[in-house]
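Reading through the C-alpha cells given below for one structure.
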Amino acid sequence: LVSRLLEMKERFPIISVVRGRGLLLALEFSEDIGDELQLACLDRALIINRLKPNAIRFMPALIITETEVDEGVDIVRSALETVLAKQGK
C-alpha cells in the first residue's frame with residue numbers, strides 16, 4: 001500500500017505527504033480537497049476517512065489482499081483525477 005501511494009505522490013504534485021505505519025496510512029494534500037475526494041471515492045463504493053480538509057486516511061482490514069489494495073488505490077487515483085479535473089488542474 002505504501003509503495004502504491006508513493007507512486008501516486010510522484011504522479012500528483014498536489015499530494016504533499018504520505019504518512020503512517022503498517023496499513024494505517026494517510027495522504028496529505030497541498031490544498032483542501034479532502035471532502036471532494038471522500039465523496040468521489042464514496043461514489044465509487046470506497047469508504048475513506050477524511051482526517052482534515054487536506055488529508056484522507058486509509059484503514060483497511062488486516063486481512064485485506066494485495067488485489068483489494070490495488071483496487072482501492074486505483075479507485076482513489078480515479079477519484080483524485082476527477083476532483084482535479086473539476087478544478088481545472
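To be explicit about the labels: the chains of the C-alpha cells are called A, B, and onward in the order shown, and within each one the residues are counted from 1, while ligands get numbers from 1 in the order they are shown.
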Discussion item. Give me the residues near Arg4 of chain A as an MDAnalysis selection string, where near means some atom within 12 Å (using only C-alpha atoms) and where sequence neighbours in that chain fewer than 6 positions away do not count.
Written reply: chainID A and resid 10:11 18 25 27 66 69:74 76:77
Output for the residues just chosen: C-alpha atoms as a CSV table (one decimal), in the first residue's frame:
chain,number,residue,atom,x,y,z
A,10,GLU,CA,5.1,11.2,-7.7
A,11,ARG,CA,2.3,11.5,-10.3
A,18,VAL,CA,2.3,10.1,2.5
A,25,LEU,CA,-1.8,5.4,6.2
A,27,LEU,CA,-2.4,11.2,2.2
A,66,GLU,CA,-3.0,-7.3,-2.4
A,69,VAL,CA,-5.3,-2.9,-2.1
A,70,ASP,CA,-4.7,-2.4,-5.8
A,71,GLU,CA,-8.4,-1.9,-6.4
A,72,GLY,CA,-8.7,0.6,-3.6
A,73,VAL,CA,-5.7,2.6,-4.8
A,74,ASP,CA,-7.0,2.6,-8.3
A,76,VAL,CA,-8.6,6.8,-5.1
A,77,ARG,CA,-6.4,7.6,-8.2
For Ala79 of chain A, work out the shell of residues within 10 Å, counting only C-alpha atoms and skipping chain neighbours fewer than 6 positions away, then give it as a PDB file with N, CA and C atoms, in the first residue's frame.
ATOM      1  N   GLU A  36     -14.156  16.689  -1.167  1.00  0.00           N
ATOM      2  CA  GLU A  36     -14.487  16.285  -2.536  1.00  0.00           C
ATOM      3  C   GLU A  36     -13.958  14.891  -2.854  1.00  0.00           C
ATOM      4  N   LEU A  37     -12.746  14.621  -2.410  1.00  0.00           N
ATOM      5  CA  LEU A  37     -12.149  13.312  -2.685  1.00  0.00           C
ATOM      6  C   LEU A  37     -12.897  12.203  -1.948  1.00  0.00           C
ATOM      7  N   GLN A  38     -13.280  12.464  -0.722  1.00  0.00           N
ATOM      8  CA  GLN A  38     -14.035  11.480   0.037  1.00  0.00           C
ATOM      9  C   GLN A  38     -15.356  11.146  -0.668  1.00  0.00           C
ATOM     10  N   LEU A  39     -16.053  12.161  -1.143  1.00  0.00           N
ATOM     11  CA  LEU A  39     -17.319  11.933  -1.841  1.00  0.00           C
ATOM     12  C   LEU A  39     -17.107  11.219  -3.169  1.00  0.00           C
ATOM     13  N   ALA A  40     -16.047  11.572  -3.886  1.00  0.00           N
ATOM     14  CA  ALA A  40     -15.760  10.910  -5.158  1.00  0.00           C
ATOM     15  C   ALA A  40     -15.432   9.430  -4.936  1.00  0.00           C
ATOM     16  N   CYS A  41     -14.739   9.122  -3.852  1.00  0.00           N
ATOM     17  CA  CYS A  41     -14.456   7.720  -3.519  1.00  0.00           C
ATOM     18  C   CYS A  41     -15.737   6.988  -3.127  1.00  0.00           C
ATOM     19  N   LEU A  42     -16.577   7.653  -2.351  1.00  0.00           N
ATOM     20  CA  LEU A  42     -17.855   7.051  -1.954  1.00  0.00           C
ATOM     21  C   LEU A  42     -18.714   6.743  -3.174  1.00  0.00           C
ATOM     22  N   ASP A  43     -18.712   7.627  -4.163  1.00  0.00           N
ATOM     23  CA  ASP A  43     -19.443   7.384  -5.407  1.00  0.00           C
ATOM     24  C   ASP A  43     -18.945   6.127  -6.112  1.00  0.00           C
ATOM     25  N   ARG A  44     -17.703   5.759  -5.824  1.00  0.00           N
ATOM     26  CA  ARG A  44     -17.087   4.568  -6.429  1.00  0.00           C
ATOM     27  C   ARG A  44     -17.081   3.383  -5.451  1.00  0.00           C
ATOM     28  N   LEU A  46     -15.983   3.183  -2.315  1.00  0.00           N
ATOM     29  CA  LEU A  46     -14.828   3.050  -1.433  1.00  0.00           C
ATOM     30  C   LEU A  46     -14.987   4.035  -0.285  1.00  0.00           C
ATOM     31  N   VAL A  73      -6.549   1.573  -4.318  1.00  0.00           N
ATOM     32  CA  VAL A  73      -5.665   2.648  -4.772  1.00  0.00           C
ATOM     33  C   VAL A  73      -6.096   3.142  -6.152  1.00  0.00           C
ATOM     34  N   ALA A  85      -9.774  17.389 -12.214  1.00  0.00           N
ATOM     35  CA  ALA A  85     -10.347  17.818 -13.495  1.00  0.00           C
ATOM     36  C   ALA A  85     -11.463  18.841 -13.275  1.00  0.00           C
TER      37      ALA A  85
END
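Looking only at chain A, the set that DSSP places in strand (DSSP E) from backbone geometry is Ile15, Ser16, Val17, Val18, Arg19, Gly20, Arg21, Leu24, Leu25, Ala26, Leu27, Glu28, Phe29, Asn49, Arg50, Leu51, Lys52, Ala55, Ile56, Arg57 and Phe58 of chain A.
Going from atom CA of Leu51 of chain A over to atom CA of Val2 of chain A, you cover 17.8 Å.
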Discussion item. Using DSSP assignments from the backbone, pull out every residue in chain A that falls under helix (DSSP H, G or I) and give it to me as an MDAnalysis selection string.
Written reply: chainID A and resid 2:11 34:43 66:86
Keeping N, CA and C atoms for every residue in the selection just given, could you write it to a file as a short mmCIF file (atom, residue, chain, number, x, y, z; two decimals), in the first residue's frame?
data_model
loop_
_atom_site.label_atom_id
_atom_site.label_comp_id
_atom_site.auth_asym_id
_atom_site.auth_seq_id
_atom_site.Cartn_x
_atom_site.Cartn_y
_atom_site.Cartn_z
N VAL A 2 1.90 1.26 0.82
CA VAL A 2 2.77 2.44 0.89
C VAL A 2 3.41 2.71 -0.46
N SER A 3 3.91 1.68 -1.11
CA SER A 3 4.59 1.89 -2.39
C SER A 3 3.63 2.44 -3.44
N ARG A 4 2.39 1.95 -3.45
CA ARG A 4 1.40 2.47 -4.41
C ARG A 4 1.07 3.93 -4.12
N LEU A 5 0.96 4.29 -2.85
CA LEU A 5 0.66 5.68 -2.50
C LEU A 5 1.84 6.60 -2.84
N LEU A 6 3.04 6.10 -2.66
CA LEU A 6 4.21 6.90 -3.03
C LEU A 6 4.29 7.10 -4.54
N GLU A 7 3.87 6.09 -5.30
CA GLU A 7 3.79 6.25 -6.76
C GLU A 7 2.78 7.35 -7.11
N MET A 8 1.65 7.35 -6.41
CA MET A 8 0.65 8.40 -6.64
C MET A 8 1.23 9.77 -6.32
N LYS A 9 2.01 9.86 -5.26
CA LYS A 9 2.61 11.14 -4.87
C LYS A 9 3.52 11.65 -5.98
N GLU A 10 4.24 10.76 -6.64
CA GLU A 10 5.11 11.16 -7.75
C GLU A 10 4.29 11.69 -8.93
N ARG A 11 3.13 11.11 -9.15
CA ARG A 11 2.29 11.48 -10.29
C ARG A 11 1.47 12.75 -10.05
N GLY A 34 -10.06 17.27 0.60
CA GLY A 34 -10.47 16.07 1.33
C GLY A 34 -11.95 15.74 1.20
N ASP A 35 -12.81 16.75 1.34
CA ASP A 35 -14.25 16.50 1.24
C ASP A 35 -14.64 16.00 -0.14
N GLU A 36 -14.16 16.69 -1.17
CA GLU A 36 -14.49 16.29 -2.54
C GLU A 36 -13.96 14.89 -2.85
N LEU A 37 -12.75 14.62 -2.41
CA LEU A 37 -12.15 13.31 -2.68
C LEU A 37 -12.90 12.20 -1.95
N GLN A 38 -13.28 12.46 -0.72
CA GLN A 38 -14.03 11.48 0.04
C GLN A 38 -15.36 11.15 -0.67
N LEU A 39 -16.05 12.16 -1.14
CA LEU A 39 -17.32 11.93 -1.84
C LEU A 39 -17.11 11.22 -3.17
N ALA A 40 -16.05 11.57 -3.89
CA ALA A 40 -15.76 10.91 -5.16
C ALA A 40 -15.43 9.43 -4.94
N CYS A 41 -14.74 9.12 -3.85
CA CYS A 41 -14.46 7.72 -3.52
C CYS A 41 -15.74 6.99 -3.13
N LEU A 42 -16.58 7.65 -2.35
CA LEU A 42 -17.86 7.05 -1.95
C LEU A 42 -18.71 6.74 -3.17
N ASP A 43 -18.71 7.63 -4.16
CA ASP A 43 -19.44 7.38 -5.41
C ASP A 43 -18.95 6.13 -6.11
N GLU A 66 -3.70 -8.20 -1.54
CA GLU A 66 -2.96 -7.28 -2.40
C GLU A 66 -3.85 -6.81 -3.56
N THR A 67 -4.68 -7.69 -4.07
CA THR A 67 -5.60 -7.33 -5.14
C THR A 67 -6.58 -6.26 -4.67
N GLU A 68 -7.09 -6.40 -3.45
CA GLU A 68 -8.01 -5.41 -2.90
C GLU A 68 -7.31 -4.07 -2.67
N VAL A 69 -6.06 -4.11 -2.24
CA VAL A 69 -5.28 -2.88 -2.07
C VAL A 69 -5.15 -2.17 -3.42
N ASP A 70 -4.80 -2.95 -4.45
CA ASP A 70 -4.65 -2.37 -5.78
C ASP A 70 -5.96 -1.75 -6.26
N GLU A 71 -7.07 -2.43 -6.03
CA GLU A 71 -8.38 -1.90 -6.44
C GLU A 71 -8.68 -0.60 -5.70
N GLY A 72 -8.41 -0.56 -4.41
CA GLY A 72 -8.66 0.63 -3.62
C GLY A 72 -7.82 1.81 -4.06
N VAL A 73 -6.55 1.57 -4.32
CA VAL A 73 -5.67 2.65 -4.77
C VAL A 73 -6.10 3.14 -6.15
N ASP A 74 -6.51 2.22 -7.01
CA ASP A 74 -7.00 2.62 -8.34
C ASP A 74 -8.24 3.50 -8.23
N ILE A 75 -9.11 3.18 -7.28
CA ILE A 75 -10.31 4.00 -7.06
C ILE A 75 -9.91 5.39 -6.58
N VAL A 76 -9.00 5.46 -5.63
CA VAL A 76 -8.56 6.76 -5.12
C VAL A 76 -7.90 7.57 -6.24
N ARG A 77 -7.07 6.93 -7.05
CA ARG A 77 -6.43 7.61 -8.18
C ARG A 77 -7.47 8.19 -9.14
N SER A 78 -8.45 7.36 -9.48
CA SER A 78 -9.52 7.79 -10.39
C SER A 78 -10.32 8.95 -9.79
N ALA A 79 -10.64 8.84 -8.51
CA ALA A 79 -11.39 9.89 -7.82
C ALA A 79 -10.57 11.18 -7.77
N LEU A 80 -9.28 11.06 -7.52
CA LEU A 80 -8.42 12.24 -7.48
C LEU A 80 -8.34 12.91 -8.85
N GLU A 81 -8.23 12.11 -9.89
CA GLU A 81 -8.23 12.66 -11.25
C GLU A 81 -9.52 13.43 -11.52
N THR A 82 -10.65 12.88 -11.09
CA THR A 82 -11.95 13.54 -11.28
C THR A 82 -12.01 14.86 -10.53
N VAL A 83 -11.58 14.85 -9.28
CA VAL A 83 -11.61 16.08 -8.46
C VAL A 83 -10.72 17.14 -9.09
N LEU A 84 -9.53 16.76 -9.51
CA LEU A 84 -8.61 17.74 -10.11
C LEU A 84 -9.14 18.25 -11.44
N ALA A 85 -9.77 17.39 -12.21
CA ALA A 85 -10.35 17.82 -13.49
C ALA A 85 -11.46 18.84 -13.28
N LYS A 86 -12.27 18.63 -12.23
CA LYS A 86 -13.32 19.59 -11.91
C LYS A 86 -12.75 20.96 -11.53
#
Fill in: Spatial neighbours of Pro60 of chain A, max dist 9 Å, only C-alpha atoms, sep filter under 3 positions, as number ranges by chain
A: 23-24, 63-64, 69
Requested write-out: all heavy atoms of the selected residues, as a tab-separated table (two decimals), in the first residue's frame:
chain	number	residue	atom	x	y	z
A	23	LEU	N	-0.73	-0.58	7.89
A	23	LEU	CA	-1.83	-0.32	6.98
A	23	LEU	C	-2.61	0.94	7.33
A	23	LEU	O	-3.53	1.32	6.62
A	23	LEU	CB	-2.79	-1.52	6.96
A	23	LEU	CG	-2.26	-2.79	6.31
A	23	LEU	CD1	-3.26	-3.92	6.43
A	23	LEU	CD2	-1.92	-2.54	4.85
A	24	LEU	N	-2.25	1.60	8.40
A	24	LEU	CA	-2.90	2.87	8.79
A	24	LEU	C	-2.09	4.01	8.16
A	24	LEU	O	-1.06	4.42	8.68
A	24	LEU	CB	-2.96	3.02	10.30
A	24	LEU	CG	-3.67	4.25	10.84
A	24	LEU	CD1	-5.12	4.28	10.37
A	24	LEU	CD2	-3.61	4.29	12.35
A	63	ILE	N	-6.93	-8.21	7.05
A	63	ILE	CA	-6.96	-9.38	6.16
A	63	ILE	C	-7.11	-8.97	4.69
A	63	ILE	O	-7.37	-9.81	3.84
A	63	ILE	CB	-8.09	-10.35	6.55
A	63	ILE	CG1	-9.44	-9.63	6.49
A	63	ILE	CG2	-7.83	-10.94	7.93
A	63	ILE	CD1	-10.64	-10.55	6.61
A	64	ILE	N	-6.89	-7.70	4.38
A	64	ILE	CA	-7.02	-7.23	3.00
A	64	ILE	C	-5.99	-7.92	2.12
A	64	ILE	O	-4.86	-8.17	2.54
A	64	ILE	CB	-6.88	-5.69	2.93
A	64	ILE	CG1	-7.34	-5.16	1.58
A	64	ILE	CG2	-5.46	-5.25	3.25
A	64	ILE	CD1	-7.50	-3.66	1.53
A	69	VAL	N	-6.06	-4.11	-2.24
A	69	VAL	CA	-5.28	-2.88	-2.07
A	69	VAL	C	-5.15	-2.17	-3.42
A	69	VAL	O	-5.38	-0.97	-3.53
A	69	VAL	CB	-3.89	-3.16	-1.47
A	69	VAL	CG1	-2.97	-1.95	-1.60
A	69	VAL	CG2	-4.01	-3.58	-0.02
